[in-house]
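Undergrad: So here's data_36.cif (mmCIF, C-alpha atoms and all ligand atoms).
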```cif
data_structure
loop_
_atom_site.label_atom_id
_atom_site.label_comp_id
_atom_site.auth_asym_id
_atom_site.auth_seq_id
_atom_site.Cartn_x
_atom_site.Cartn_y
_atom_site.Cartn_z
CA MET A 24 97.31 172.39 84.63
CA LEU A 25 95.28 169.48 83.33
CA GLN A 26 96.11 167.08 86.18
CA ASP A 27 95.01 169.59 88.84
CA MET A 28 91.49 169.79 87.46
CA ASP A 29 88.59 167.92 88.91
CA ILE A 30 89.08 164.93 86.65
CA GLY A 31 88.47 162.38 89.38
CA ARG A 32 90.84 159.84 90.76
CA LEU A 33 92.91 157.96 88.22
CA GLU A 34 93.08 154.26 89.04
CA ASN A 35 95.76 152.84 86.79
CA GLU A 36 96.51 149.50 88.47
CA TYR A 37 96.81 146.83 85.82
CA ARG A 38 93.75 144.57 85.65
CA LEU A 39 92.82 141.73 83.33
CA ILE A 40 89.12 142.43 82.83
CA GLY A 41 86.78 142.59 79.88
CA PRO A 42 84.61 145.54 78.80
CA GLU A 43 81.02 146.12 79.87
CA ALA A 44 78.32 148.06 78.04
CA GLY A 45 78.86 151.48 79.66
CA ASP A 46 82.69 151.48 79.64
CA GLY A 47 84.49 154.06 77.50
CA VAL A 48 86.35 153.03 74.34
CA LEU A 49 89.51 154.72 73.12
CA CYS A 50 89.77 154.00 69.42
CA PHE A 51 92.47 155.62 67.30
CA ARG A 52 93.02 155.87 63.57
CA GLY A 53 96.24 157.49 62.40
CA ALA A 54 96.70 160.44 64.79
CA GLU A 55 92.96 160.80 65.38
CA VAL A 56 90.58 159.53 68.03
CA LEU A 57 86.98 158.45 67.59
CA LEU A 58 84.54 160.79 69.37
CA GLN A 59 80.80 160.87 69.70
CA ARG A 60 78.85 164.10 69.38
CA ARG A 61 76.18 164.57 72.03
CA GLU A 62 72.89 166.41 71.41
CA ASP A 63 74.31 169.59 72.99
CA ASP A 64 77.20 169.39 70.47
CA SER A 65 79.79 168.45 73.10
CA LEU A 66 82.11 165.55 72.36
CA CYS A 67 82.59 162.39 74.38
CA LEU A 68 84.10 158.94 74.03
CA PRO A 69 81.72 156.21 72.80
CA SER A 70 80.58 153.52 75.21
CA TYR A 71 81.54 149.92 74.56
CA ALA A 72 77.91 149.09 73.64
CA GLN A 73 77.75 151.93 71.09
CA TRP A 74 81.16 151.16 69.69
CA CYS A 75 80.44 147.44 69.20
CA VAL A 76 77.56 148.12 66.84
CA GLU A 77 79.82 149.60 64.19
CA ALA A 78 83.13 147.91 65.00
CA ASP A 79 81.53 144.51 64.47
CA ASN A 80 81.85 145.26 60.76
CA TRP A 81 85.57 146.01 60.83
CA LYS A 82 87.88 143.34 59.58
CA SER A 83 90.48 144.13 62.24
CA TRP A 84 88.05 143.66 65.08
CA ASN A 85 88.05 140.68 67.39
CA ASN A 86 87.32 140.42 71.07
CA ASN A 87 90.93 140.10 72.17
CA ARG A 88 91.97 143.44 70.85
CA LEU A 89 90.34 145.60 73.52
CA CYS A 90 92.60 146.15 76.49
CA TYR A 91 91.64 147.64 79.86
CA VAL A 92 93.78 150.73 80.48
CA PHE A 93 92.49 152.68 83.52
CA ARG A 94 89.51 153.84 85.54
CA LEU A 95 88.68 157.55 85.69
CA GLN A 96 85.70 159.27 87.31
CA ASN A 97 84.25 155.81 88.14
CA ARG A 98 84.29 154.73 84.51
CA ASN A 99 86.48 151.98 83.07
CA TYR A 100 88.31 152.74 79.83
CA PHE A 101 89.35 150.23 77.21
CA LEU A 102 91.82 150.72 74.40
CA PHE A 103 91.23 149.23 70.97
CA LEU A 104 94.64 147.91 69.95
CA GLY A 105 93.79 147.79 66.25
CA GLU A 106 93.40 150.68 63.84
CA GLY A 107 89.91 152.22 63.91
CA GLY A 108 87.76 151.49 60.88
CA GLU A 109 85.31 153.58 58.89
CA TRP A 110 82.47 155.10 60.90
CA TYR A 111 79.25 156.03 59.20
CA GLY A 112 76.73 158.72 60.12
CA ASP A 113 77.28 162.15 61.66
CA ILE A 114 77.11 161.23 65.35
CA TYR A 115 80.69 159.97 65.33
CA ALA A 116 83.82 161.60 64.02
CA TYR A 117 87.57 161.14 64.16
CA GLU A 118 89.31 164.21 65.62
CA SER A 119 93.02 165.05 65.79
CA VAL A 120 94.64 164.01 69.08
CA ARG A 121 96.72 167.21 69.02
CA GLY A 122 93.68 169.44 68.59
CA LEU A 123 91.86 168.14 71.65
CA ARG A 124 92.53 171.05 73.97
CA GLN A 125 89.90 173.10 72.22
CA LEU A 126 87.48 170.26 71.70
CA THR A 127 86.67 168.38 74.81
CA SER A 128 86.32 168.37 78.60
CA LYS A 129 89.51 168.10 80.64
CA GLU A 130 88.57 164.64 81.82
CA ILE A 131 88.15 163.37 78.26
CA CYS A 132 91.26 165.22 77.13
CA PHE A 133 93.27 163.48 79.87
CA ALA A 134 91.76 160.05 79.03
CA ILE A 135 92.61 160.46 75.35
CA MET A 136 96.18 161.70 75.95
CA THR A 137 96.88 158.82 78.31
CA GLY A 138 95.20 156.29 75.99
CA TRP A 139 97.19 157.63 73.05
CA HIS A 140 100.47 157.18 74.95
CA LEU A 141 99.57 153.54 75.68
CA PHE A 142 98.24 152.94 72.16
CA ASN A 143 101.57 153.96 70.66
CA TRP A 144 103.49 151.81 73.13
CA TYR A 145 101.44 148.72 72.26
CA LYS A 146 101.64 149.47 68.55
CA ASN A 147 105.41 149.97 68.58
CA ASN A 148 106.14 146.82 70.57
CA ARG A 149 104.14 144.11 68.85
CA PHE A 150 107.43 142.40 68.07
CA CYS A 151 110.48 141.86 70.24
CA GLY A 152 113.29 144.31 69.44
CA ARG A 153 115.85 141.71 70.46
CA CYS A 154 114.73 138.63 68.49
CA ALA A 155 111.81 139.88 66.33
CA ASN A 156 109.25 137.34 67.60
CA PRO A 157 105.71 138.51 68.51
CA THR A 158 105.26 139.76 72.09
CA THR A 159 102.39 138.89 74.46
CA PRO A 160 100.89 140.92 77.33
CA ASP A 161 101.93 139.93 80.85
CA GLU A 162 99.15 138.83 83.21
CA LYS A 163 100.27 140.68 86.34
CA GLU A 164 101.48 144.08 85.22
CA ARG A 165 101.52 146.35 82.22
CA MET A 166 104.38 144.76 80.40
CA LEU A 167 104.89 142.93 77.12
CA ARG A 168 106.89 139.75 77.20
CA CYS A 169 108.68 137.92 74.42
CA PRO A 170 107.89 134.21 74.83
CA ALA A 171 110.87 133.29 72.64
CA CYS A 172 113.73 135.06 74.43
CA GLY A 173 112.18 136.34 77.69
CA ASN A 174 112.65 140.03 76.87
CA MET A 175 110.42 142.20 79.10
CA ILE A 176 109.19 145.48 77.64
CA PHE A 177 107.74 148.09 80.00
CA PRO A 178 105.82 151.21 78.96
CA ARG A 179 108.22 153.81 77.68
CA ILE A 180 108.05 157.29 79.20
CA ASN A 181 110.48 159.94 78.01
CA PRO A 182 111.72 162.32 80.72
CA ALA A 183 112.00 165.94 79.63
CA VAL A 184 112.43 169.30 81.34
CA ILE A 185 110.61 172.61 81.07
CA VAL A 186 112.73 175.51 82.27
CA ALA A 187 111.65 178.94 83.44
CA VAL A 188 114.85 181.01 83.32
CA THR A 189 114.52 184.15 85.43
CA ASP A 190 116.56 187.30 85.92
CA GLY A 191 115.06 189.14 88.88
CA ASP A 192 111.63 190.25 87.71
CA ARG A 193 112.21 189.06 84.17
CA LEU A 194 111.29 185.71 82.62
CA LEU A 195 112.71 184.30 79.40
CA LEU A 196 110.08 183.29 76.84
CA SER A 197 110.81 181.72 73.48
CA LYS A 198 109.12 180.47 70.36
CA TYR A 199 109.96 177.25 68.54
CA ALA A 200 111.34 177.32 65.03
CA GLY A 201 109.62 175.32 62.29
CA ARG A 202 106.75 173.92 64.34
CA ALA A 203 102.98 174.22 64.17
CA TYR A 204 102.97 175.45 67.78
CA THR A 205 103.60 179.19 67.46
CA ARG A 206 102.80 180.49 70.94
CA TYR A 207 105.32 181.55 73.59
CA ALA A 208 107.00 178.69 75.40
CA LEU A 209 109.65 178.04 78.01
CA ILE A 210 112.96 176.33 77.26
CA ALA A 211 112.44 172.57 76.99
CA GLY A 212 114.33 169.44 76.08
CA PHE A 213 114.79 165.73 76.67
CA THR A 214 116.97 164.22 79.35
CA GLU A 215 119.90 162.35 77.80
CA ILE A 216 121.13 159.01 79.10
CA GLY A 217 123.60 159.53 81.93
CA GLU A 218 122.56 162.99 83.10
CA THR A 219 120.42 164.24 85.99
CA ALA A 220 117.33 166.36 85.33
CA GLU A 221 119.23 169.37 86.75
CA GLN A 222 122.06 168.76 84.26
CA THR A 223 119.46 168.62 81.48
CA VAL A 224 118.23 172.04 82.61
CA ALA A 225 121.70 173.62 82.47
CA ARG A 226 122.58 171.96 79.15
CA GLU A 227 119.34 172.81 77.36
CA VAL A 228 119.46 176.46 78.44
CA MET A 229 123.06 176.75 77.28
CA GLU A 230 122.33 175.02 73.95
CA GLU A 231 119.16 176.93 73.11
CA VAL A 232 119.87 180.45 74.39
CA GLY A 233 123.56 180.47 75.40
CA LEU A 234 122.98 181.33 79.07
CA ARG A 235 124.56 179.96 82.24
CA VAL A 236 122.11 179.24 85.06
CA LYS A 237 122.25 178.72 88.84
CA ASN A 238 119.87 178.02 91.73
CA ILE A 239 117.99 175.33 89.78
CA ARG A 240 114.87 174.37 91.74
CA TYR A 241 112.21 171.79 90.97
CA TYR A 242 108.58 172.89 90.70
CA LYS A 243 106.22 170.15 89.46
CA SER A 244 105.85 167.38 86.88
CA GLN A 245 103.23 166.59 84.27
CA PRO A 246 102.65 163.52 82.09
CA TRP A 247 102.23 164.64 78.48
CA GLY A 248 100.84 161.61 76.70
CA VAL A 249 100.55 163.28 73.30
CA ASP A 250 104.32 162.94 72.99
CA GLY A 251 104.87 160.12 75.48
CA ASN A 252 106.72 162.42 77.89
CA LEU A 253 106.99 163.06 81.59
CA LEU A 254 107.70 166.79 81.84
CA MET A 255 109.59 168.10 84.87
CA GLY A 256 109.30 171.82 85.48
CA PHE A 257 112.20 173.83 86.95
CA TYR A 258 112.86 177.46 87.75
CA CYS A 259 116.41 178.77 87.67
CA ASP A 260 118.28 182.08 87.70
CA VAL A 261 120.55 183.38 84.99
CA ASP A 262 124.18 183.31 86.14
CA GLY A 263 126.12 186.35 84.87
CA ASP A 264 125.57 187.81 81.41
CA SER A 265 121.86 187.76 80.42
CA THR A 266 122.44 188.41 76.71
CA VAL A 267 120.54 185.79 74.71
CA HIS A 268 122.13 183.97 71.77
CA ILE A 269 119.53 181.65 70.27
CA ASP A 270 120.04 178.36 68.47
CA GLU A 271 118.15 179.16 65.28
CA SER A 272 117.58 175.51 64.44
CA GLU A 273 115.54 175.17 67.65
CA LEU A 274 114.06 178.62 68.30
CA SER A 275 112.70 181.46 66.19
CA MET A 276 113.03 183.95 69.08
CA ALA A 277 113.79 184.27 72.80
CA GLN A 278 113.21 187.42 74.80
CA TRP A 279 113.08 188.66 78.40
CA PHE A 280 109.68 189.84 79.65
CA HIS A 281 108.96 191.71 82.89
CA ARG A 282 106.72 189.98 85.43
CA ASP A 283 104.04 192.65 84.81
CA ALA A 284 104.06 192.32 81.02
CA LEU A 285 104.01 188.62 80.22
CA PRO A 286 102.28 187.95 76.88
CA ALA A 287 101.09 184.41 77.74
CA LYS A 288 98.03 183.35 79.69
CA ASP A 289 97.36 180.15 81.63
CA ASP A 290 95.22 177.69 79.63
CA GLY A 291 94.55 175.39 82.59
CA ILE A 292 96.10 172.52 80.62
CA SER A 293 99.86 172.72 80.33
CA LEU A 294 102.56 172.91 82.98
CA THR A 295 104.35 175.53 80.83
CA ARG A 296 101.43 177.97 81.03
CA GLU A 297 101.00 177.36 84.75
CA MET A 298 104.69 178.09 85.38
CA ILE A 299 104.41 181.39 83.50
CA ARG A 300 101.36 182.37 85.59
CA VAL A 301 103.02 181.35 88.86
CA PHE A 302 105.97 183.63 87.99
CA GLU A 303 103.58 186.43 87.04
CA GLU A 304 102.04 186.14 90.53
CA GLY A 305 105.48 186.04 92.19
CA ARG A 306 104.79 182.60 93.65
CA GLU A 307 107.63 180.64 92.06
CA PRO A 308 109.87 178.59 94.42
CA LYS A 309 112.75 180.85 95.56
ZN ZN B 1 112.58 138.14 71.94
#
```
Do you think you could lay out the structure here as structure tokens?

TA:
Amino acid sequence: MLQDMDIGRLENEYRLIGPEAGDGVLCFRGAEVLLQRREDDSLCLPSYAQWCVEADNWKSWNNNRLCYVFRLQNRNYFLFLGEGGEWYGDIYAYESVRGLRQLTSKEICFAIMTGWHLFNWYKNNRFCGRCANPTTPDEKERMLRCPACGNMIFPRINPAVIVAVTDGDRLLLSKYAGRAYTRYALIAGFTEIGETAEQTVAREVMEEVGLRVKNIRYYKSQPWGVDGNLLMGFYCDVDGDSTVHIDESELSMAQWFHRDALPAKDDGISLTREMIRVFEEGREPK
């Protein structure tokens, strides 16, 4: 999956520093990110020096609105907290955050997904949810503070599970209903307040395909910044009747596939695809 690739060490300790010429800039507009096209047609994030030339003309721009977010592959990244402005010429282009898998290197893909998660958190918490006054960034850690009432707002990460339900040499694959994503997936869902991740697994499987499960075992986790999630992957065994009854509001289909005939290939990005491959190779935790 994406995080296993050679994307270099992520250094995400909070630091109060300003940008330098060669640092990368994450600049979003709507659900798109600003990318620069290199001479070989590959895409990369603009450097601070390049970005400044054009952003100087934007009304929303001022020096305080770039925020250090992390260091990756020995490069510092800064997030523009405003909305990206118009960019002229054909060297730069806004590209959909959701379409990045096909577009860019894994390192850049990871930087954009993580930057997007933080961008949305900053954007959604400019005002205190308790008293409606403007919030300010804390100086020691990544946290927004309300100077009026003292409310402390930490980055929001939504825990969710991905579940590989197995029945001997068979794995249950499904497809979502009513979504743009039409490939095979595993059962997935958000953890509700008050339940353990294992309880989420059992509940989601029952709700979506009407199966009881047992022997729930943890595999691996993956941050998925596009949706602000932390995904936790589990394998489990069907308990008793393996007849599937799908929730048609959630799924368009769900079907058992033999280990030797799985119709999904690993894309090197998502935990879901890795879990399918690991089962195909018989290496899932027993
Ligand atoms: Zn407040």

Undergrad: I'd like the neighbourhood of Asp27 of chain A as a PyMOL selection string, where a residue qualifies if any of its atoms comes within 12 Å (using all atoms listed in the file), though same-chain residues fewer than 4 positions away should be ignored.

TA: chain A and resi 31-33+129-130+133+243-246+291-294+297

Undergrad: Please identify all polymer residues within 6 Å of Val48 of chain A, counting all atoms listed in the file, omitting same-chain residues fewer than 3 positions from it, and present them as a compact mmCIF listing (two decimals) with C-alpha atoms, in the frame of the given file.

TA:
```txt
# COMPACT_ATOMS: atom_id res chain seq x y z
CA PRO A 69 81.72 156.21 72.80
CA SER A 70 80.58 153.52 75.21
CA TYR A 71 81.54 149.92 74.56
CA TYR A 100 88.31 152.74 79.83
CA PHE A 101 89.35 150.23 77.21
CA LEU A 102 91.82 150.72 74.40
```

Undergrad: Between atom CA of Leu68 of chain A and atom CA of Trp110 of chain A, measure the distance and give it in Å to one decimal.

TA: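 Between atom CA of Leu68 of chain A and atom CA of Trp110 of chain A the gap is 13.8 Å.
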
Undergrad: Residues around (102.9, 189.9, 82.2), cut-off 10 Å, counting all atoms listed in the file - what are they as a PyMOL selection string?

TA: chain A and resi 193-194+280-288+299-300+302-304

Undergrad: Find the residues near Gly201 of chain A: any atom within 10 Å, counting all atoms listed in the file, skip ones fewer than 2 places away on the same chain, and give them as a list in words.

TA: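 Residues meeting the cut-off are Lys198, Tyr199, Ala203, Tyr204, Thr205, Glu271, Ser272, Glu273, Leu274 and Ser275 of chain A.
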
Undergrad: I'd like to know which of A:Asp161, A:Ala171, A:Asn97, A:Leu89 is closest to ligand ZN 1 (chain B), using all atoms listed in the file.

TA: A:Ala171

Undergrad: Give me, as a ChimeraX atom specification, all polymer residues having an atom no more than 12 Å from segment 143-152 of chain A, counting all atoms listed in the file and skipping those fewer than 3 positions away in the same chain.

TA: /A:50-54,88-90,92,102-106,136-140,155-160,165-181,248-251

Undergrad: By how many Å are atom CA of Arg235 of chain A and atom CA of Phe257 of chain A apart?

TA: 14.6 Å

Undergrad: Find the residues around Val186 of chain A up to 8 Å (only C-alpha atoms counted), leave out those fewer than 2 positions away in its own chain, and share them as a list in words.

TA: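 Using only C-alpha atoms, the neighbours found are Val184, Val188, Leu209, Ile210, Ala211, Val224, Val228, Gly256, Phe257, Tyr258 and Cys259 of chain A.
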
Undergrad: Can you work out the spacing between atom CA of Asn238 of chain A and atom CA of Ala225 of chain A in Å, to one decimal?

TA: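 Interatomic distance here is 10.4 Å.
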
Undergrad: Give, as AutoDock Vina command-line options, the centre coordinates and the x, y and z edge lengths in Å to one decimal for an axis-aligned box around all listed atoms of segment 37-55 of chain A, padded by 5 Å on each side.

TA:
```
--center_x 87.6 --center_y 151.3 --center_z 74.1 --size_x 28.5 --size_y 29.1 --size_z 33.4
```

Undergrad: In terms of the shortest atom-to-atom distance over all atoms listed in the file, which of A:Gly263, A:Gln278, A:Cys154, A:His268 is closest to ligand ZN 1 (chain B)?

TA: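 Result for the nearest residue to ligand ZN 1 (chain B): A:Cys154.
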
Undergrad: Calculated over only C-alpha atoms, which of the candidates A:Ser197, A:Thr219, A:Asp190, A:Val232 has the smallest distance to Asp262 of chain A?

TA: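 Comparing A:Ser197, A:Thr219, A:Asp190, A:Val232 against Asp262 of chain A, the winner is A:Asp190.
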
Undergrad: Tell me which of A:Phe213, A:Met255, A:Ile239, A:Arg202 sits closest to Glu227 of chain A, counting only C-alpha atoms.

TA: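 Ranking A:Phe213, A:Met255, A:Ile239, A:Arg202 by distance to Glu227 of chain A, first place goes to A:Phe213.
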
Undergrad: Give the answer as one residue: which of A:Arg153, A:Ile114, A:Arg61, A:Ile135 has the shortest atom-to-atom distance to ligand ZN 1 (chain B), using all atoms listed in the file?

TA: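 Once distances to ligand ZN 1 (chain B) are computed over all atoms listed in the file, the minimum belongs to A:Arg153.
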
Undergrad: So which one's closest to Ser128 of chain A, A:Asp113, A:Leu25, A:Arg38, A:Gly107? Using all atoms listed in the file, please.

TA: A:Leu25
